[in-house]
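Notes for the one structure printed next.
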Amino acid sequence: MLTNEWIKHKAHQVVYSAGTRDPFKICEAHGIPVRYDDLGKQIMAYHTTIKRIPAIVLSTRNSEFENNYACGHELGHHFCHHKGNAEYLARSNRRFVTYGDEFEANEFMADMFLDGVNIDDYDTKEQLMKSCHIPMWAEKYIDWDLVIN
């Protein structure tokens, strides 16, 4: 399992190298194609690798907000080097998990969106999360001690 510090550092490297926290621009900068397909009611997105080429597929049923964080989550799978060939985010698995690939992908997503943000610019955690496009269900993936430091 990757450490919180490693994931935060990796998210920072990715944001710095792309010059943005926007997951779609990060995909573009790293040559990761993003495609859209009707994935049904439950699956929001997945990351796959075909012939060593990574790709992210987002559901056409998602809102723009959902696609933004789903893309960030799938980037977490990519940059944390998860070995599954079709790791996906489903509406039913957005509950908090304490370890494993889904935990790491969600933590990466939150760290990526928070990279370089001054938390003192916000009155509440909720304002910060909304401004940074982090869904409320993902609050438990934020290591507030690392954000503050």
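Order determines the names: the first chain of the structure tokens is A, the second B, and so forth; residues in each chain are numbered 1 upward, and ligands are numbered 1 upward as they are shown.
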
Among chain A, which residues carry a DSSP assignment of strand (DSSP E), reported as a tab-separated table (two decimals) with all heavy atoms, in the first residue's frame?
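Ended up saving to result-v7.tsv:
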chain	number	residue	atom	x	y	z
A	34	VAL	N	-9.26	10.38	-23.34
A	34	VAL	CA	-10.51	10.31	-22.56
A	34	VAL	C	-11.64	10.09	-23.56
A	34	VAL	O	-11.77	10.83	-24.53
A	34	VAL	CB	-10.76	11.61	-21.76
A	34	VAL	CG1	-12.10	11.54	-21.03
A	34	VAL	CG2	-9.63	11.85	-20.77
A	35	ARG	N	-12.40	9.06	-23.32
A	35	ARG	CA	-13.52	8.72	-24.19
A	35	ARG	C	-14.80	8.72	-23.36
A	35	ARG	O	-14.77	8.64	-22.14
A	35	ARG	CB	-13.32	7.33	-24.81
A	35	ARG	CG	-12.05	7.18	-25.60
A	35	ARG	CD	-12.13	7.98	-26.90
A	35	ARG	NE	-10.94	7.75	-27.71
A	35	ARG	CZ	-10.00	8.67	-27.91
A	35	ARG	NH1	-10.11	9.85	-27.37
A	35	ARG	NH2	-8.97	8.41	-28.66
A	36	TYR	N	-15.93	8.77	-24.06
A	36	TYR	CA	-17.24	8.77	-23.41
A	36	TYR	C	-18.06	7.63	-23.99
A	36	TYR	O	-18.02	7.37	-25.19
A	36	TYR	CB	-17.96	10.10	-23.64
A	36	TYR	CG	-17.24	11.26	-23.00
A	36	TYR	CD1	-16.22	11.92	-23.68
A	36	TYR	CD2	-17.56	11.68	-21.72
A	36	TYR	CE1	-15.55	12.99	-23.09
A	36	TYR	CE2	-16.89	12.74	-21.12
A	36	TYR	CZ	-15.89	13.38	-21.82
A	36	TYR	OH	-15.22	14.43	-21.23
A	37	ASP	N	-18.80	6.96	-23.09
A	37	ASP	CA	-19.65	5.87	-23.53
A	37	ASP	C	-20.78	5.73	-22.52
A	37	ASP	O	-20.65	6.16	-21.37
A	37	ASP	CB	-18.84	4.57	-23.59
A	37	ASP	CG	-19.50	3.50	-24.44
A	37	ASP	OD1	-20.59	3.74	-25.00
A	37	ASP	OD2	-18.92	2.40	-24.54
A	43	ILE	N	-21.97	2.39	-13.38
A	43	ILE	CA	-20.56	2.68	-13.62
A	43	ILE	C	-20.39	4.11	-14.12
A	43	ILE	O	-21.03	4.53	-15.09
A	43	ILE	CB	-19.94	1.67	-14.60
A	43	ILE	CG1	-19.98	0.28	-13.98
A	43	ILE	CG2	-18.50	2.06	-14.95
A	43	ILE	CD1	-19.47	-0.83	-14.87
A	44	MET	N	-19.53	4.85	-13.43
A	44	MET	CA	-19.30	6.25	-13.75
A	44	MET	C	-18.08	6.43	-14.67
A	44	MET	O	-18.05	7.35	-15.49
A	44	MET	CB	-19.08	7.07	-12.48
A	44	MET	CG	-20.28	7.05	-11.54
A	44	MET	SD	-19.95	7.96	-10.02
A	44	MET	CE	-19.98	9.63	-10.69
A	45	ALA	N	-17.08	5.57	-14.50
A	45	ALA	CA	-15.85	5.72	-15.27
A	45	ALA	C	-14.98	4.49	-15.06
A	45	ALA	O	-15.15	3.76	-14.08
A	45	ALA	CB	-15.09	6.96	-14.81
A	46	TYR	N	-14.04	4.31	-15.98
A	46	TYR	CA	-13.02	3.29	-15.74
A	46	TYR	C	-11.72	3.66	-16.44
A	46	TYR	O	-11.70	4.45	-17.38
A	46	TYR	CB	-13.49	1.88	-16.13
A	46	TYR	CG	-13.75	1.64	-17.60
A	46	TYR	CD1	-12.73	1.23	-18.45
A	46	TYR	CD2	-15.03	1.78	-18.13
A	46	TYR	CE1	-12.97	0.98	-19.79
A	46	TYR	CE2	-15.28	1.54	-19.46
A	46	TYR	CZ	-14.25	1.13	-20.30
A	46	TYR	OH	-14.49	0.89	-21.62
A	47	HIS	N	-10.65	3.07	-15.91
A	47	HIS	CA	-9.31	3.25	-16.47
A	47	HIS	C	-8.89	1.90	-17.01
A	47	HIS	O	-9.11	0.87	-16.37
A	47	HIS	CB	-8.33	3.69	-15.36
A	47	HIS	CG	-6.91	3.70	-15.79
A	47	HIS	ND1	-6.06	2.62	-15.60
A	47	HIS	CD2	-6.17	4.64	-16.42
A	47	HIS	CE1	-4.87	2.91	-16.08
A	47	HIS	NE2	-4.91	4.13	-16.58
A	48	THR	N	-8.33	1.89	-18.19
A	48	THR	CA	-7.88	0.64	-18.78
A	48	THR	C	-6.58	0.87	-19.54
A	48	THR	O	-6.22	2.03	-19.82
A	48	THR	CB	-8.96	0.04	-19.71
A	48	THR	OG1	-8.58	-1.28	-20.09
A	48	THR	CG2	-9.19	0.90	-20.94
A	49	THR	N	-5.91	-0.20	-19.85
A	49	THR	CA	-4.71	-0.13	-20.68
A	49	THR	C	-4.85	-1.17	-21.78
A	49	THR	O	-5.09	-2.35	-21.49
A	49	THR	CB	-3.44	-0.42	-19.85
A	49	THR	OG1	-3.39	0.53	-18.77
A	49	THR	CG2	-2.19	-0.29	-20.70
A	50	ILE	N	-4.73	-0.72	-23.02
A	50	ILE	CA	-4.82	-1.61	-24.16
A	50	ILE	C	-3.54	-1.47	-24.96
A	50	ILE	O	-3.21	-0.36	-25.41
A	50	ILE	CB	-6.05	-1.27	-25.03
A	50	ILE	CG1	-7.33	-1.39	-24.19
A	50	ILE	CG2	-6.10	-2.18	-26.26
A	50	ILE	CD1	-8.57	-0.87	-24.85
A	53	ILE	N	-1.29	1.23	-23.85
A	53	ILE	CA	-1.80	2.60	-23.98
A	53	ILE	C	-2.91	2.79	-22.96
A	53	ILE	O	-3.94	2.11	-23.03
A	53	ILE	CB	-2.32	2.88	-25.40
A	53	ILE	CG1	-1.17	2.71	-26.41
A	53	ILE	CG2	-2.93	4.28	-25.49
A	53	ILE	CD1	-1.61	2.75	-27.85
A	54	PRO	N	-2.71	3.71	-22.01
A	54	PRO	CA	-3.75	3.94	-21.00
A	54	PRO	C	-4.90	4.76	-21.60
A	54	PRO	O	-4.69	5.54	-22.53
A	54	PRO	CB	-3.02	4.75	-19.93
A	54	PRO	CG	-1.96	5.49	-20.69
A	54	PRO	CD	-1.54	4.56	-21.80
A	55	ALA	N	-6.08	4.56	-21.06
A	55	ALA	CA	-7.25	5.34	-21.49
A	55	ALA	C	-8.23	5.43	-20.32
A	55	ALA	O	-8.27	4.55	-19.46
A	55	ALA	CB	-7.92	4.69	-22.69
A	56	ILE	N	-8.99	6.50	-20.33
A	56	ILE	CA	-10.05	6.71	-19.35
A	56	ILE	C	-11.36	6.83	-20.11
A	56	ILE	O	-11.44	7.57	-21.10
A	56	ILE	CB	-9.79	7.97	-18.50
A	56	ILE	CG1	-8.57	7.75	-17.61
A	56	ILE	CG2	-11.02	8.33	-17.66
A	56	ILE	CD1	-8.12	8.98	-16.84
A	57	VAL	N	-12.36	6.09	-19.65
A	57	VAL	CA	-13.68	6.14	-20.26
A	57	VAL	C	-14.65	6.66	-19.21
A	57	VAL	O	-14.73	6.14	-18.10
A	57	VAL	CB	-14.14	4.76	-20.78
A	57	VAL	CG1	-15.53	4.85	-21.39
A	57	VAL	CG2	-13.13	4.21	-21.78
A	58	LEU	N	-15.37	7.72	-19.56
A	58	LEU	CA	-16.34	8.35	-18.67
A	58	LEU	C	-17.75	8.09	-19.19
A	58	LEU	O	-17.97	8.02	-20.41
A	58	LEU	CB	-16.09	9.86	-18.59
A	58	LEU	CG	-14.72	10.28	-18.07
A	58	LEU	CD1	-14.53	11.78	-18.23
A	58	LEU	CD2	-14.54	9.86	-16.63
A	59	SER	N	-18.69	7.99	-18.28
A	59	SER	CA	-20.08	7.72	-18.65
A	59	SER	C	-20.75	8.97	-19.23
A	59	SER	O	-20.60	10.07	-18.69
A	59	SER	CB	-20.87	7.23	-17.45
A	59	SER	OG	-22.23	7.05	-17.80
A	86	ALA	N	-9.15	-2.87	-15.77
A	86	ALA	CA	-10.40	-2.15	-15.95
A	86	ALA	C	-10.92	-1.74	-14.58
A	86	ALA	O	-11.93	-2.23	-14.11
A	86	ALA	CB	-11.42	-3.00	-16.70
A	87	GLU	N	-10.21	-0.84	-13.94
A	87	GLU	CA	-10.62	-0.37	-12.62
A	87	GLU	C	-11.67	0.72	-12.84
A	87	GLU	O	-11.49	1.60	-13.67
A	87	GLU	CB	-9.42	0.14	-11.86
A	87	GLU	CG	-8.38	-0.97	-11.77
A	87	GLU	CD	-7.25	-0.63	-10.87
A	87	GLU	OE1	-7.41	-0.90	-9.67
A	87	GLU	OE2	-6.25	-0.12	-11.36
A	88	TYR	N	-12.75	0.64	-12.07
A	88	TYR	CA	-13.84	1.55	-12.34
A	88	TYR	C	-14.39	2.19	-11.07
A	88	TYR	O	-14.23	1.66	-9.97
A	88	TYR	CB	-14.97	0.84	-13.09
A	88	TYR	CG	-15.64	-0.26	-12.31
A	88	TYR	CD1	-16.75	0.00	-11.53
A	88	TYR	CD2	-15.16	-1.56	-12.36
A	88	TYR	CE1	-17.36	-1.00	-10.81
A	88	TYR	CE2	-15.77	-2.58	-11.65
A	88	TYR	CZ	-16.88	-2.28	-10.88
A	88	TYR	OH	-17.49	-3.28	-10.16
A	89	LEU	N	-15.03	3.32	-11.28
A	89	LEU	CA	-15.73	4.03	-10.21
A	89	LEU	C	-17.22	3.83	-10.45
A	89	LEU	O	-17.72	4.16	-11.52
A	89	LEU	CB	-15.39	5.52	-10.23
A	89	LEU	CG	-16.10	6.40	-9.21
A	89	LEU	CD1	-15.70	5.99	-7.79
A	89	LEU	CD2	-15.79	7.86	-9.44
A	90	ALA	N	-17.89	3.25	-9.47
A	90	ALA	CA	-19.33	3.03	-9.57
A	90	ALA	C	-20.04	3.91	-8.55
A	90	ALA	O	-19.47	4.27	-7.52
A	90	ALA	CB	-19.67	1.56	-9.32

Item checked: 12 Å contact set for range 19-26 of chain A, only C-alpha atoms, chain neighbours under 3 positions out, as a PyMOL selection string -> chain A and resi 11-16+29-35+55-58+64-76+78-79+108-117+132-134

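Note that the spacing between CA of His82 in chain A and CA of Ala138 in chain A amounts to 19.7 Å.
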